[in-house]
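Text of the file input.txt, holding compact mmCIF, C-alpha atoms and all ligand atoms:
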```
# COMPACT_ATOMS: atom_id res chain seq x y z
CA MET A 17 174.91 40.70 77.11
CA LYS A 18 173.57 40.50 80.66
CA CYS A 19 171.59 42.98 82.73
CA LYS A 20 173.94 44.77 85.12
CA ILE A 21 171.29 44.79 87.83
CA CYS A 22 169.61 41.36 87.76
CA GLY A 23 171.74 39.27 85.40
CA ARG A 24 168.91 38.35 83.01
CA PRO A 25 169.43 38.82 79.24
CA ALA A 26 169.82 42.55 78.50
CA VAL A 27 167.96 44.25 75.64
CA ILE A 28 169.58 47.66 75.64
CA LYS A 29 173.07 49.03 76.15
CA LEU A 30 173.43 52.49 77.70
CA PRO A 31 177.03 53.54 77.05
CA ALA A 32 176.51 56.92 78.78
CA HIS A 33 175.85 55.06 82.04
CA ASN A 34 178.20 52.19 81.26
CA ILE A 35 175.44 49.60 81.71
CA ALA A 36 173.24 47.15 79.81
CA LEU A 37 169.74 46.43 81.14
CA CYS A 38 166.91 43.93 80.73
CA GLU A 39 163.38 45.13 79.88
CA LYS A 40 162.19 45.33 83.46
CA CYS A 41 165.29 47.05 84.86
CA PHE A 42 165.31 49.48 81.93
CA GLU A 43 161.74 50.56 82.66
CA GLU A 44 162.70 51.17 86.27
CA PHE A 45 165.77 53.09 85.12
CA VAL A 46 163.54 55.40 83.02
CA LEU A 47 161.14 56.03 85.90
CA ARG A 48 164.09 56.79 88.20
CA ARG A 49 165.61 59.27 85.73
CA VAL A 50 162.36 61.21 85.51
CA LYS A 51 161.81 61.13 89.26
CA ASN A 52 165.33 62.41 89.67
CA ALA A 53 164.84 65.33 87.24
CA ILE A 54 161.58 66.34 88.96
CA LYS A 55 163.34 66.36 92.31
CA THR A 56 166.62 67.95 91.21
CA TYR A 57 164.91 70.96 89.62
CA LYS A 58 161.95 71.05 92.04
CA MET A 59 159.47 70.79 89.16
CA PHE A 60 156.32 69.83 91.07
CA THR A 61 154.99 67.67 93.90
CA LYS A 62 152.17 65.19 94.48
CA ASP A 63 149.94 68.16 95.44
CA ASP A 64 150.13 69.56 91.90
CA LYS A 65 147.69 68.87 89.12
CA VAL A 66 149.93 68.28 86.12
CA ALA A 67 148.83 69.10 82.56
CA VAL A 68 150.78 67.12 79.98
CA ALA A 69 151.16 68.77 76.57
CA VAL A 70 150.31 65.79 74.38
CA SER A 71 151.19 65.93 70.68
CA GLY A 72 150.72 62.22 70.00
CA GLY A 73 154.46 61.74 69.43
CA LYS A 74 156.73 59.43 71.40
CA ASP A 75 158.02 61.95 73.93
CA SER A 76 154.70 63.34 75.11
CA LEU A 77 152.99 59.95 75.35
CA ALA A 78 155.96 58.46 77.20
CA LEU A 79 155.90 61.44 79.56
CA TRP A 80 152.19 61.01 80.29
CA ASP A 81 152.68 57.29 80.92
CA ILE A 82 155.67 57.83 83.22
CA LEU A 83 154.07 60.61 85.31
CA THR A 84 150.94 58.52 85.76
CA ARG A 85 153.01 55.52 86.85
CA LEU A 86 154.93 57.70 89.30
CA GLY A 87 151.61 58.53 90.94
CA TYR A 88 151.09 62.14 89.89
CA GLU A 89 147.65 63.55 89.15
CA THR A 90 147.74 64.19 85.40
CA GLY A 91 145.58 65.09 82.42
CA GLY A 92 146.44 65.70 78.78
CA ILE A 93 145.97 68.73 76.55
CA HIS A 94 146.12 68.21 72.81
CA ILE A 95 146.06 70.97 70.22
CA HIS A 96 144.65 70.03 66.84
CA LEU A 97 146.73 72.16 64.48
CA GLY A 98 144.73 71.66 61.31
CA ILE A 99 147.64 70.21 59.32
CA GLY A 100 145.65 67.71 57.22
CA LYS A 101 145.98 64.00 57.83
CA TYR A 102 148.95 64.50 60.13
CA SER A 103 146.82 66.36 62.69
CA ASP A 104 143.96 63.87 62.52
CA GLU A 105 146.33 60.96 63.12
CA SER A 106 148.08 62.77 65.97
CA LEU A 107 144.73 63.37 67.67
CA GLN A 108 143.80 59.72 67.18
CA LYS A 109 147.01 58.56 68.91
CA ALA A 110 146.47 60.98 71.79
CA GLU A 111 142.84 59.90 72.24
CA ASN A 112 143.65 56.19 72.09
CA PHE A 113 146.32 56.60 74.72
CA ALA A 114 144.09 58.67 77.03
CA LYS A 115 141.50 55.90 76.86
CA LYS A 116 144.15 53.26 77.55
CA ILE A 117 145.34 54.93 80.74
CA ASN A 118 141.84 56.13 81.61
CA SER A 119 142.84 59.78 81.88
CA GLU A 120 141.22 63.04 80.79
CA LEU A 121 142.25 64.59 77.49
CA THR A 122 141.31 68.18 76.62
CA VAL A 123 141.30 68.76 72.86
CA ILE A 124 141.61 72.30 71.50
CA TYR A 125 141.09 73.01 67.80
CA VAL A 126 143.09 75.85 66.23
CA ARG A 127 140.27 76.29 63.67
CA ASP A 128 137.84 77.19 66.48
CA PHE A 129 139.94 80.31 67.11
CA PHE A 130 141.11 81.17 63.61
CA GLY A 131 138.56 79.62 61.27
CA THR A 132 141.40 77.75 59.62
CA GLY A 133 144.52 75.66 60.35
CA ILE A 134 148.21 76.46 60.85
CA PRO A 135 149.34 76.27 57.17
CA GLU A 136 146.75 78.86 56.09
CA ILE A 137 147.51 81.10 59.08
CA ALA A 138 151.21 81.08 58.16
CA LYS A 139 150.37 81.96 54.56
CA ILE A 140 148.07 84.85 55.55
CA THR A 141 150.49 86.34 58.08
CA LYS A 142 153.58 85.63 55.93
CA ARG A 143 155.32 84.11 58.93
CA LYS A 144 157.29 80.87 59.13
CA THR A 145 154.98 77.92 59.83
CA CYS A 146 156.92 76.66 62.86
CA SER A 147 157.10 80.13 64.38
CA VAL A 148 153.33 80.78 64.08
CA CYS A 149 152.66 77.27 65.32
CA GLY A 150 154.90 77.87 68.33
CA THR A 151 153.14 81.13 69.27
CA ILE A 152 149.69 79.54 68.99
CA LYS A 153 150.60 76.34 70.84
CA ARG A 154 152.26 78.19 73.72
CA TYR A 155 149.26 80.46 74.15
CA LEU A 156 146.59 77.77 73.96
CA MET A 157 148.50 75.33 76.18
CA ASN A 158 148.92 77.98 78.87
CA ARG A 159 145.34 79.23 78.66
CA PHE A 160 143.65 75.86 78.80
CA ALA A 161 145.97 74.44 81.43
CA TYR A 162 145.00 77.46 83.53
CA GLU A 163 141.28 77.30 82.77
CA LYS A 164 141.14 73.58 83.50
CA GLY A 165 142.64 74.16 86.93
CA TYR A 166 146.06 72.61 86.37
CA THR A 167 148.93 74.02 88.42
CA VAL A 168 151.85 73.08 86.15
CA LEU A 169 152.38 72.28 82.46
CA ALA A 170 154.78 69.48 81.53
CA THR A 171 156.23 69.12 78.03
CA GLY A 172 158.07 66.19 76.44
CA HIS A 173 161.35 67.98 75.64
CA ASN A 174 164.13 65.40 75.94
CA LEU A 175 167.90 65.52 76.38
CA ASP A 176 168.54 65.62 72.62
CA ASP A 177 166.06 68.47 72.09
CA GLU A 178 167.56 70.54 74.88
CA ALA A 179 171.23 69.82 74.16
CA SER A 180 170.82 70.58 70.44
CA THR A 181 168.97 73.84 71.17
CA LEU A 182 171.72 74.75 73.62
CA LEU A 183 174.38 74.06 71.01
CA GLY A 184 172.54 76.24 68.46
CA ASN A 185 172.13 79.07 70.96
CA LEU A 186 175.78 78.94 71.93
CA LEU A 187 177.05 78.80 68.34
CA TYR A 188 175.25 82.05 67.59
CA TRP A 189 175.54 83.51 71.13
CA LYS A 190 171.83 84.00 71.60
CA ASP A 191 172.17 85.44 75.08
CA LEU A 192 168.49 86.12 75.59
CA TYR A 193 167.54 82.53 74.80
CA LEU A 194 170.37 81.24 76.97
CA ALA A 195 169.06 83.41 79.81
CA ARG A 196 165.56 81.96 79.55
CA LYS A 197 166.18 78.30 78.74
CA GLY A 198 165.97 75.75 81.48
CA PRO A 199 164.17 72.69 82.86
CA VAL A 200 161.71 74.98 84.68
CA LEU A 201 160.10 78.18 83.43
CA PRO A 202 158.66 79.79 86.56
CA SER A 203 155.31 81.54 86.56
CA THR A 204 155.70 85.32 86.52
CA HIS A 205 151.98 86.14 86.46
CA PRO A 206 148.97 84.47 88.14
CA LYS A 207 147.60 83.48 84.73
CA LEU A 208 150.93 82.25 83.40
CA ILE A 209 151.36 78.63 84.31
CA ARG A 210 154.70 77.17 85.41
CA LYS A 211 156.34 75.04 82.70
CA VAL A 212 158.56 72.01 83.26
CA LYS A 213 160.50 69.43 81.23
CA PRO A 214 160.71 66.17 83.18
CA LEU A 215 162.40 64.20 80.34
CA VAL A 216 165.60 66.28 80.19
CA PHE A 217 167.71 63.43 81.58
CA LEU A 218 166.56 60.94 78.92
CA THR A 219 167.81 60.64 75.33
CA GLU A 220 165.48 60.19 72.37
CA ARG A 221 166.73 56.65 72.00
CA GLU A 222 165.92 55.82 75.62
CA ILE A 223 162.43 57.29 75.25
CA ALA A 224 161.80 55.45 71.99
CA ALA A 225 162.92 52.20 73.67
CA TYR A 226 160.57 52.87 76.57
CA THR A 227 157.57 53.35 74.24
CA ILE A 228 158.35 50.07 72.50
CA LEU A 229 158.63 48.16 75.78
CA ARG A 230 155.37 49.69 76.99
CA GLY A 231 153.55 49.10 73.71
CA ILE A 232 152.78 52.81 73.36
CA ASP A 233 151.50 53.58 69.87
CA TYR A 234 152.74 57.01 68.79
CA ILE A 235 152.79 59.03 65.57
CA TYR A 236 156.03 58.11 63.83
CA GLU A 237 155.56 60.43 60.84
CA GLU A 238 157.17 63.85 61.06
CA CYS A 239 155.10 67.00 60.77
CA PRO A 240 155.10 67.81 57.02
CA HIS A 241 156.17 71.36 57.89
CA ALA A 242 159.03 70.37 60.22
CA ALA A 243 161.60 73.05 59.46
CA GLY A 244 164.08 71.50 61.82
CA ALA A 245 166.89 70.99 59.30
CA THR A 246 169.39 72.85 61.46
CA SER A 247 168.20 71.41 64.75
CA ILE A 248 168.38 67.88 63.30
CA PHE A 249 171.89 68.60 62.08
CA HIS A 250 172.88 69.73 65.57
CA LYS A 251 171.39 66.52 66.98
CA HIS A 252 173.49 64.44 64.56
CA VAL A 253 176.63 66.38 65.47
CA LEU A 254 176.02 65.83 69.18
CA ASN A 255 175.37 62.14 68.58
CA GLU A 256 178.68 61.82 66.74
CA ILE A 257 180.39 63.26 69.82
CA GLU A 258 178.24 61.06 72.08
CA ASN A 259 179.22 57.93 70.15
CA TYR A 260 182.89 58.85 70.45
CA SER A 261 182.64 59.84 74.07
CA PRO A 262 179.48 58.52 75.80
CA GLY A 263 177.84 60.77 78.39
CA THR A 264 178.78 64.06 76.70
CA LYS A 265 175.21 65.20 75.95
CA LEU A 266 174.18 64.83 79.57
CA HIS A 267 177.33 66.51 80.82
CA PHE A 268 176.85 69.40 78.36
CA LEU A 269 173.23 70.10 79.37
CA LYS A 270 173.64 69.60 83.11
CA GLY A 271 176.71 71.82 83.10
CA PHE A 272 174.70 74.56 81.42
CA TYR A 273 171.91 74.31 84.00
CA GLU A 274 174.50 74.73 86.74
CA ARG A 275 175.86 77.87 85.05
CA LYS A 276 172.57 79.33 83.84
CA ASN A 277 172.85 82.38 86.05
CA ILE A 278 175.76 83.68 83.99
CA PHE A 279 173.25 84.45 81.23
CA ALA A 280 170.17 85.15 83.36
CA ARG A 281 172.07 87.98 85.06
CA LEU A 282 172.32 89.80 81.71
CA TYR A 283 168.52 90.24 81.57
CA PRO A 284 167.24 91.03 85.06
CA GLU A 285 164.10 92.84 83.84
CA GLU A 286 163.26 90.52 81.00
CA THR A 287 161.15 88.03 82.91
CA LYS A 288 158.07 90.12 83.63
CA MET A 289 154.81 90.24 81.70
CA GLN A 290 153.42 93.58 82.84
CA HIS A 291 150.08 93.83 81.08
CA GLU A 292 146.95 91.81 80.60
CA CYS A 293 145.69 91.61 77.03
CA LYS A 294 142.67 93.87 76.48
CA GLU A 295 141.00 91.27 74.32
CA CYS A 296 141.55 87.95 76.10
CA GLY A 297 142.78 88.95 79.55
CA TYR A 298 145.90 86.79 79.42
CA PRO A 299 149.43 88.06 80.19
CA SER A 300 151.01 90.14 77.48
CA SER A 301 154.04 92.38 77.00
CA GLY A 302 151.88 94.98 75.21
CA GLU A 303 148.23 96.11 75.23
CA ILE A 304 147.14 93.25 73.00
CA CYS A 305 148.84 89.89 73.10
CA GLY A 306 150.59 88.24 70.16
CA PHE A 307 147.90 85.59 69.86
CA CYS A 308 145.04 88.10 69.63
CA LYS A 309 146.94 90.24 67.11
CA LEU A 310 147.45 87.13 64.98
CA ARG A 311 143.79 86.28 65.30
CA ARG A 312 142.69 89.76 64.19
CA ARG A 313 144.87 89.65 61.12
CA VAL A 314 143.65 86.23 60.06
CA LYS A 315 140.01 87.14 60.72
CA GLU A 316 140.25 90.33 58.65
CA LYS A 317 141.90 88.54 55.80
CA LEU A 318 139.40 85.67 55.78
CA GLU A 319 136.42 88.06 55.89
CA ASN A 320 137.80 90.19 53.03
CA GLY A 321 138.42 87.03 51.06
CA ARG A 322 134.85 85.91 51.56
CA GLU A 323 133.47 89.29 50.45
CA THR A 324 135.48 89.29 47.26
CA THR A 325 134.45 85.76 46.37
CA THR A 326 130.74 86.39 46.96
CA ALA A 327 130.78 89.76 45.18
CA MET B 1 165.73 38.96 55.83
CA LYS B 2 162.89 41.46 55.67
CA ILE B 3 163.85 44.98 56.79
CA HIS B 4 161.24 47.67 57.46
CA THR B 5 162.16 51.34 57.64
CA ARG B 6 159.95 54.43 57.91
CA GLU B 7 160.03 54.85 54.13
CA LYS B 8 160.08 51.34 52.75
CA THR B 9 160.38 47.60 53.21
CA ILE B 10 163.20 45.68 51.61
CA GLU B 11 164.01 42.00 51.41
CA GLU B 12 167.62 40.94 51.28
CA ARG B 13 169.54 37.69 51.67
CA ILE B 14 172.03 38.02 54.48
CA GLN B 15 174.80 36.06 56.12
CA GLU B 16 174.47 35.80 59.88
CA ILE B 17 175.34 39.22 61.32
CA THR B 18 175.04 40.85 64.76
CA VAL B 19 172.66 43.74 65.28
CA ARG B 20 175.66 45.94 66.13
CA ASP B 21 177.45 45.13 62.86
CA LEU B 22 174.26 45.59 60.84
CA ILE B 23 173.83 49.12 62.25
CA GLU B 24 177.40 50.31 62.30
CA LYS B 25 179.19 48.40 59.52
CA LYS B 26 176.48 47.58 56.99
CA LEU B 27 174.05 50.48 57.32
CA LYS B 28 176.65 52.97 58.63
CA LEU B 29 174.22 54.43 61.17
CA ASN B 30 175.03 55.94 64.55
CA PRO B 31 173.93 53.44 67.24
CA GLU B 32 172.74 56.42 69.31
CA GLU B 33 170.10 57.14 66.65
CA VAL B 34 168.46 53.78 65.95
CA LEU B 35 166.79 50.83 67.55
CA VAL B 36 166.38 47.45 65.91
CA ILE B 37 163.05 45.79 66.57
CA ASP B 38 162.00 42.17 66.04
CA ARG B 39 158.79 42.51 64.01
CA GLN B 40 157.50 39.07 65.06
CA ASN B 41 157.04 40.08 68.70
CA ASN B 42 157.74 43.85 68.74
CA ARG B 43 160.75 43.54 71.02
CA ILE B 44 164.03 45.39 71.00
CA LEU B 45 166.96 43.32 69.76
CA PRO B 46 170.20 43.71 71.76
CA PRO B 47 173.43 44.61 69.89
CA ASP B 48 174.92 41.13 70.32
CA TYR B 49 171.90 39.32 68.84
CA ARG B 50 172.83 37.34 65.72
CA LEU B 51 170.37 38.06 62.92
CA LYS B 52 169.39 35.18 60.64
CA ASP B 53 167.95 35.26 57.14
CA GLU B 54 164.48 34.28 58.34
CA ASP B 55 164.25 37.30 60.71
CA GLU B 56 161.92 40.22 60.07
CA ILE B 57 163.15 43.45 61.62
CA GLU B 58 162.42 47.14 61.77
CA ILE B 59 165.06 49.86 61.80
CA ARG B 60 163.47 52.54 63.97
CA MET B 61 165.03 55.98 63.66
CA VAL B 62 164.65 57.77 66.98
CA ILE B 63 165.70 61.32 66.10
CA SER B 64 162.92 63.75 65.34
CA GLY B 65 162.96 67.33 64.11
CA GLY B 66 161.47 70.44 65.57
ZN ZN C 401 167.50 43.40 84.93
ZN ZN C 402 145.02 88.24 73.96
```
Would you mind writing the structure in this file as structure tokens?
Ligand SMILES: [Zn+2]
Ligand SMILES: [Zn+2]
Amino acid sequence: MKCKICGRPAVIKLPAHNIALCEKCFEEFVLRRVKNAIKTYKMFTKDDKVAVAVSGGKDSLALWDILTRLGYETGGIHIHLGIGKYSDESLQKAENFAKKINSELTVIYVRDFFGTGIPEIAKITKRKTCSVCGTIKRYLMNRFAYEKGYTVLATGHNLDDEASTLLGNLLYWKDLYLARKGPVLPSTHPKLIRKVKPLVFLTEREIAAYTILRGIDYIYEECPHAAGATSIFHKHVLNEIENYSPGTKLHFLKGFYERKNIFARLYPEETKMQHECKECGYPSSGEICGFCKLRRRVKEKLENGRETTTA
Amino acid sequence: MKIHTREKTIEERIQEITVRDLIEKKLKLNPEEVLVIDRQNNRILPPDYRLKDEDEIEIRMVISGG
């Protein structure tokens, strides 16, 4: 197998693009794909200060590496979720990588806000772990990206993540989600930072290959709470189709982005956050934001618990 | 040949086999969801590489949940 570009021995075959590439040409291919996504969807420019949401997994570390190599001004934000050994190892990977590329990493601890970690918060509020975790991560990422002076927040969502979510949303006709999903989530409030997904043109396999070539050490273990049974199933289904007919995932997602307005038109008023939270001052749909409500509930419960144990 | 996966390491005697056949025919995995890595130098092995019994490889699953 020879590299289609330079003729040296190829290491990876990319059936969706009908090519095989050597290590060097594959790295350049990855950088080009990301550059292309940033440009196509007007994600940000060299004047922006880009916050990378860094979990310590392959996608976010690859993203940080790629954006730095493309010459953007970047910094990482990591949220320590308080999920035992998994969170400590994730932080370690994020810190090691920040040191390696000599970039700033902001670390936020969930326990500094709640007095405890995600599993306990889910138990107290009787909500699904991944749903609570999502609410908390979104809030903290936005707030600290804003406070640290970043102008845009980039996440490591890849082609497989986005195509499988799209499939799930279409299967159950979740119009509201379809209306909001996209490679760019524009800012609708001065304190709501713009969100972008520069890896949407790359598959998980391509990103994993990139991390191996670059010697990026990421957390391979899955979050012990990963509830993604359905989303993993949708990924497998799409990969079956992809294997049968290469290029389908990309075609599916890009086609949706081109037709997004069909769904967005259904919810013209849905995009505005009218209020500012009375407690924290960040954008909210009601008087008090979801994060602060969550915090109150957990605080009350923990304080009551302490009283009963000391009494 | 020594094979590492996320869960375990196994050692198995093999006849010469290509990476492609190992993934698709022997392990029945979707080539879109795995990478085969040479553990001696941490490099990706191309699908036409012929694996020998003295090789030590890792089957890296690339699909994650969430
Ligand atoms: Zn080449
Ligand atoms: Zn608030």
Cut-off 7 Å, only C-alpha atoms and all ligand atoms, neighbours of ligand ZN 402 (chain C) as a PyMOL selection string: chain A and resi 293-298+304-308
Two-atom distance - atom CA of A:Arg127, atom CA of A:Ser147 (Å):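 It comes out at 17.3 Å.
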Proximal residues of chain B relative to chain A (all atoms listed in the file; 12 Å) as JSON, numbers by chain: {"B": [5, 6, 7, 19, 20, 24, 29, 30, 31, 32, 33, 34, 35, 36, 37, 38, 39, 41, 42, 43, 44, 45, 46, 47, 48, 49, 58, 60, 61, 62, 63, 64, 65, 66]}
Within 6 Å of ligand ZN 401 (chain C), counting only C-alpha atoms and all ligand atoms, residues as a list in words: Cys19, Ile21, Cys22, Gly23, Arg24, Leu37, Cys38, Lys40 and Cys41 of chain A
Include C-alpha atoms and write out the residues we just selected as a PDB file, keeping the file's coordinate frame.
```pdb
ATOM      1  CA  CYS A  19     171.590  42.980  82.730  1.00  0.00           C
ATOM      2  CA  ILE A  21     171.290  44.790  87.830  1.00  0.00           C
ATOM      3  CA  CYS A  22     169.610  41.360  87.760  1.00  0.00           C
ATOM      4  CA  GLY A  23     171.740  39.270  85.400  1.00  0.00           C
ATOM      5  CA  ARG A  24     168.910  38.350  83.010  1.00  0.00           C
ATOM      6  CA  LEU A  37     169.740  46.430  81.140  1.00  0.00           C
ATOM      7  CA  CYS A  38     166.910  43.930  80.730  1.00  0.00           C
ATOM      8  CA  LYS A  40     162.190  45.330  83.460  1.00  0.00           C
ATOM      9  CA  CYS A  41     165.290  47.050  84.860  1.00  0.00           C
TER      10      CYS A  41
END
```
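Minimum atom-to-atom distances from A:Gly87, A:Met157, A:Ile99, A:Glu111 to A:Gly133 were compared using all atoms listed in the file, and the lowest value belongs to A:Ile99.
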Let me know the centre plus edge lengths, in Å and rounded to one decimal, of a box with edges along x, y and z that contains all listed atoms of stretch 47-60 of chain B and is padded by 6 Å on every side, as JSON.
```
{"center_x": 168.4, "center_y": 43.4, "center_z": 63.7, "size_x": 25.0, "size_y": 30.3, "size_z": 25.2}
```
